[in-house]
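Engineer: My questions will all concern the structure given below.
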Amino acid sequence: MQALYAQLLVGLINGSFYALLSLGLAVIFGMLNIINFAHGALYMMGAFCAYFLLNLGGINYWWALLLAPIIVGIFGMILERTMLQWLAGLDHLYGLLLTFGIALIVQGVFQNYFGSSGLPYAIPDQLKGGMNLGFMFLPVYRGWVVVFSLVVCLATWFLIEKTRLGAYLRAATENPTLVRAFGINVPRMITLTYGLGVGLAALAGVLSAPINQVRPLMGADLIIVVFAVVVIGGMGSIMGSIITGFALGVIEGLTKYFYPEASNTVVFVLMVLVLLVKPTGLTGRAA
Amino acid sequence: MKTRSIASLLLTTALSFAVAGAASAQDKTVKIGALSDQSGLYADLGGPGSTLAAQMAVEDSGLAGKGWKIDIISGDHQNKPDIGTAIARQWFDVDKVDIIVDVPNSGVALAVNNVVKEKNGVYINSGAATSDLTNAQCSPNTVHWTYDTYMLAHTTGQALVKAGGDTWFFLTADYAFGAALERDTTAVVTANGGKVIGGVKHPLNTPDFSSFLLQAQASKAKIIGLANAGGDTTNTIKQASEFGIGKGGQKLAALLLFLTDVKAIGLETAQGLNFTETFYWDMNDQTRAFSKRFAEKMKNNAPPTMVQAGVYAGVRHYLKALEALGGNPHDGIKVVEKMKSMPTDDDLFGKGEIQPNGRTIHNAYLFEVKKPSESKGPWDFYKLVGTVPGDQAFTPLSESKCALLKK
């Protein structure tokens with residue numbers, strides 16, 4: 001029984017990454033109608049950014065948590081301005097193909113320079129060590145990841161669903177012409193939204209750097225699972241992606257305990273089941 | 001008149017065959033295919049570095065100056081057996097490749113083994129670990145160079161059991177390699193009076209090991225044996241230190257660890273780990289000289305891993321055999337027989353031999369990862385703990401299940 005509690009907690013930790021990443025995807029899909037396949041590559045860039053800040057600039061983890069999302073977010077906004085904005089109004093497929101291509105190029109460039117086995121990034125001193133919870137040894141860093149991502153997820157949800165800025169955003173995606181008539185610069189809002197989504201991916205990258213190796217393919221390995229999370233949660237649903245992210249982390253953790261060989265596929269089995277019963281996803285609205 | 005012309009026709013045909021036959025005996029063209037994981041989790045330990053090693057072997061052989069024409073092509077098997085065999089088939093059928101080298105990933109290696117046998121090519125495997133290549137699935141066309149699961153089990157495994165690690169829990173990569181390594185190590189552990197009390201199989205290329213590590217922790221085994229490789233091993237070791245494994249009295253046994261893995265983990269986390277390799281760049285003047293030349297041509301100035309060193313040594317020995325034959329007969333079995341008949345001797349692995357089952361025998365070394373304070377340079381990672389002579393490290397012929405031995 002103790003082991004089960006431990007697996008639940010570990011699942012929650014992985015769920016934090018799924019939640020942060022799928023949240024960014026949901027924001028981008030909800031507001032820009034783009035299926036952002038470059039999300040994994042941008043997550044990887046966040047981790048690399050933290051690595052460079054530390055090793056080239058001597059800038060520590062805490063600053064990286066702030067700076068990496070901004071730097072990668074700006075890169076994302078440049079992508080949006082120069083490429084993605086021309087796809088507005090076209091079929092989803094074009095965005096998907098373009099961002100997939102971008103992901104391959106970015107990963108290829110990083111792999112060419114840094115190889116595939118990755119670079120080490122140490123846990124910051126303040127978060128080293130762990131505590132004995134009785135049923136498991138919890139590394140402090142992992143606990144921090146859960147708390148921090150929960151706060152970020154809820155803050156993003158609040159920003160989009162409960163504030164005036166969020167209301168403008170949602171209105172701009174529903175009816176851009178009308179919102180523009182009120183004197184609001186819609187293209188700029190769209191760019192900033194993409195930057196926000198990308199920043200969330202980069203933030204997840206910084207969080208994961210001390211746990212996983214900083215590797216060019218770290219995003220590619222994760223992105224398919226995260227897409228499954230978004231599909232199960234309902235494309236574009238903010239709360240849906242947060243809840244599904246955490247829940248799927250837990251389910252995956254339990255599978256690793258009871259039948260580890262299936263842990264890589266359980267998410268997809270769930271996706272198939274959910275799509276059979278409810279094609280819009282658990283919390284998705286019909287298009 | 002008519003009979004005469006028929007006779008002359010027959011004569012010319014016979015003559016042209018004879019000429020062609022003579023030409024093939026002196027044929028001095030060779031095509032080498034370096035088949036590896038060029039972009040995935042084993043790319044740094046093999047990959048482009050293996051192709052470079054093969055190129056250096058060709059240059060160092062000096063055969064170009066003697067009129068030989070030797071080409072190298074490379075391919076990416078992406079750790080998928082179907083892609084690996086498709087490339088191998090195309091290389092033999094279309095590109096007229098004579099020899100395939102490297103091929104890390106035991107699953108791909110065993111699949112390619114069958115293709116090479118079918119096409120009567122030469123196969124020098126350096127990257128794969130499974131001891132099946134020279135046991136149950138041995139082939140007259142195959143030489144297994146650098147290391148294998150039997151050797152890893154009988155060096156690292158045995159040393160740890162003898163040092164008091166008598167209860168084991170395995171974290172095993174769920175494919176041919178992991179299964180072979182777990183099987184061979186289990187045999188060693190039980191033969192030395194130890195006991196395996198559990199294990200878990202994880203999918204290849206898993207980013208998060210915390211669930212598995214918790215199970216290993218709960219098992220209370222003294223040794224947690226890692227029957228995985230590359231990125232999987234680095235992630236496991238890193239996350240194990242996060243969960244306080246090591247400080248809690250349990251010891252990690254990295255059954256297979258490469259130079260590039262230690263680089264990726266960082267000495268801070270990796271220090272004190274015991275493991276086995278058959279080559280390390282900083283062993284002696286010859287290995288240092290070669291590694292310096294190699295690193296100058298590699299990105300990030302990385303010295304060779306044991307897999308890449310094995311590709312170099314294997315290709316050198318192959319070319320020596322061809323030279324001794326006086327030309328390339330394009331007959332895999334014949335070339336491999338010649339290779340087996342000649343003792344191996346090169347700057348990287350020293351003196352050794354190729355056994356009738358295709359297994360190359362040379363020394364194996366037990367290493368320990370240095371503390372950060374002991375390391376003097378960017379790749380100064382290992383302390384030599386012990387040397388195991390080749391005849392004790394690898395499968396004795398009396399235990400080999402290879403069909404080639406039953407004559």
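Residue numbering restarts at 1 for every chain of the structure tokens, chains are lettered A, B, ... in their displayed order, and ligands are numbered from 1 as they appear.
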For chain B, list the residues within 8 Å of chain A, counting only C-alpha atoms, and write the list as an mmCIF file with C-alpha atoms, in the first residue's frame.
Structural biologist:
data_model
loop_
_atom_site.group_PDB
_atom_site.id
_atom_site.type_symbol
_atom_site.label_atom_id
_atom_site.label_comp_id
_atom_site.auth_asym_id
_atom_site.auth_seq_id
_atom_site.Cartn_x
_atom_site.Cartn_y
_atom_site.Cartn_z
ATOM 1 C CA SER B 39 20.786 10.375 -34.302
ATOM 2 C CA GLY B 40 19.217 8.541 -31.354
ATOM 3 C CA LEU B 41 20.272 7.585 -27.850
ATOM 4 C CA TYR B 42 23.351 5.589 -28.981
ATOM 5 C CA ALA B 43 24.602 8.127 -31.553
ATOM 6 C CA ASP B 44 27.365 9.571 -29.395
ATOM 7 C CA ASP B 174 12.910 -4.232 -22.475
ATOM 8 C CA VAL B 200 11.488 -4.498 -13.589
ATOM 9 C CA LYS B 201 11.563 -4.158 -17.375
ATOM 10 C CA HIS B 202 11.300 -0.621 -18.725
ATOM 11 C CA PRO B 203 10.653 0.462 -22.329
ATOM 12 C CA PRO B 207 12.800 9.742 -19.746
ATOM 13 C CA ASP B 208 11.620 9.122 -16.185
ATOM 14 C CA SER B 210 11.405 7.388 -10.641
ATOM 15 C CA SER B 211 8.669 4.721 -10.516
ATOM 16 C CA PHE B 212 11.177 1.981 -11.261
ATOM 17 C CA LEU B 214 11.084 3.382 -6.059
ATOM 18 C CA GLN B 215 10.427 -0.289 -6.714
ATOM 19 C CA ALA B 218 11.492 -0.919 -1.779
ATOM 20 C CA GLY B 230 23.195 5.078 -23.225
ATOM 21 C CA GLY B 231 20.594 7.722 -22.387
ATOM 22 C CA THR B 234 22.490 8.229 -17.631
ATOM 23 C CA ASN B 235 18.918 9.114 -16.677
ATOM 24 C CA LYS B 238 21.077 10.807 -12.277
ATOM 25 C CA GLN B 239 17.616 10.155 -10.879
ATOM 26 C CA GLU B 242 18.116 12.371 -6.561
ATOM 27 C CA PHE B 243 16.172 9.677 -4.691
ATOM 28 C CA GLY B 244 19.042 9.164 -2.265
ATOM 29 C CA THR B 260 30.105 9.611 -23.319
ATOM 30 C CA ASP B 261 27.621 8.532 -20.623
ATOM 31 C CA LYS B 263 30.418 12.950 -19.646
ATOM 32 C CA ALA B 264 26.636 13.363 -19.815
ATOM 33 C CA ILE B 265 26.053 12.508 -16.153
ATOM 34 C CA GLY B 266 28.916 14.677 -14.868
ATOM 35 C CA LYS B 299 33.116 17.579 -32.919
ATOM 36 C CA ASN B 300 33.517 18.678 -29.281
#
Engineer: List the spatial neighbours of segment 52-59 of chain A as number ranges by chain - criterion: any atom at most 9 Å away, only C-alpha atoms, same-chain residues fewer than 5 positions off excluded.
Structural biologist: A: 47, 64, 67-68, 121
Engineer: Run DSSP on the backbone and grab whatever in segment 139-380 of chain B lands in alpha helix (DSSP H); send it over as JSON, numbers by chain.
Structural biologist: {"B": [149, 150, 151, 152, 158, 159, 160, 161, 162, 176, 177, 178, 179, 180, 181, 182, 183, 184, 185, 186, 187, 188, 189, 190, 191, 210, 211, 212, 213, 214, 215, 216, 217, 218, 219, 230, 231, 232, 233, 234, 235, 236, 237, 238, 239, 240, 241, 242, 259, 260, 261, 262, 263, 264, 265, 267, 268, 269, 270, 285, 286, 287, 288, 289, 290, 291, 292, 293, 294, 295, 296, 297, 306, 307, 308, 309, 310, 311, 312, 313, 314, 315, 316, 317, 318, 319, 320, 321, 322, 323, 324, 325, 332, 333, 334, 335, 336, 337, 338, 339, 340, 341]}
Engineer: Could you name the residues that touch Gly205 of chain A at 7 Å or less, counting only C-alpha atoms, but leaving out those on the same chain fewer than 3 positions away, as a PyMOL selection string?
Structural biologist: chain A and resi 43-44+46-47+201-202+208-209
Engineer: Can I get the selected residues back with N, CA, C and O atoms, as a compact mmCIF listing (two decimals), in the first residue's frame?
Structural biologist:
# COMPACT_ATOMS: atom_id res chain seq x y z
N TYR A 43 10.40 23.34 -25.76
CA TYR A 43 10.63 22.83 -24.40
C TYR A 43 12.11 22.50 -24.24
O TYR A 43 12.76 22.89 -23.26
N MET A 44 12.67 21.82 -25.26
CA MET A 44 14.09 21.48 -25.25
C MET A 44 14.94 22.74 -25.23
O MET A 44 15.94 22.84 -24.49
N GLY A 46 14.21 25.55 -23.94
CA GLY A 46 14.16 26.10 -22.59
C GLY A 46 15.23 25.48 -21.70
O GLY A 46 15.95 26.17 -20.97
N ALA A 47 15.36 24.15 -21.79
CA ALA A 47 16.36 23.46 -20.98
C ALA A 47 17.77 23.87 -21.39
O ALA A 47 18.63 24.14 -20.55
N ALA A 201 6.23 26.35 -22.41
CA ALA A 201 7.01 25.18 -22.80
C ALA A 201 8.45 25.32 -22.30
O ALA A 201 9.03 24.39 -21.74
N ALA A 202 9.02 26.51 -22.49
CA ALA A 202 10.41 26.74 -22.07
C ALA A 202 10.53 26.61 -20.55
O ALA A 202 11.52 26.07 -20.04
N SER A 208 12.63 20.78 -16.01
CA SER A 208 13.02 19.38 -16.21
C SER A 208 14.55 19.22 -16.32
O SER A 208 15.06 18.12 -16.14
N ALA A 209 15.28 20.32 -16.61
CA ALA A 209 16.73 20.21 -16.82
C ALA A 209 17.47 19.50 -15.69
O ALA A 209 18.31 18.64 -15.95
Engineer: Out of segment 84-253 of chain A, which residues get strand (DSSP E) from DSSP, as a list of chain:residue names?
Structural biologist: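 Assigned to strand (DSSP E), within segment 84-253 of chain A: A:Gly130, A:Met131, A:Asn132, A:Phe137, A:Leu138, A:Pro139.
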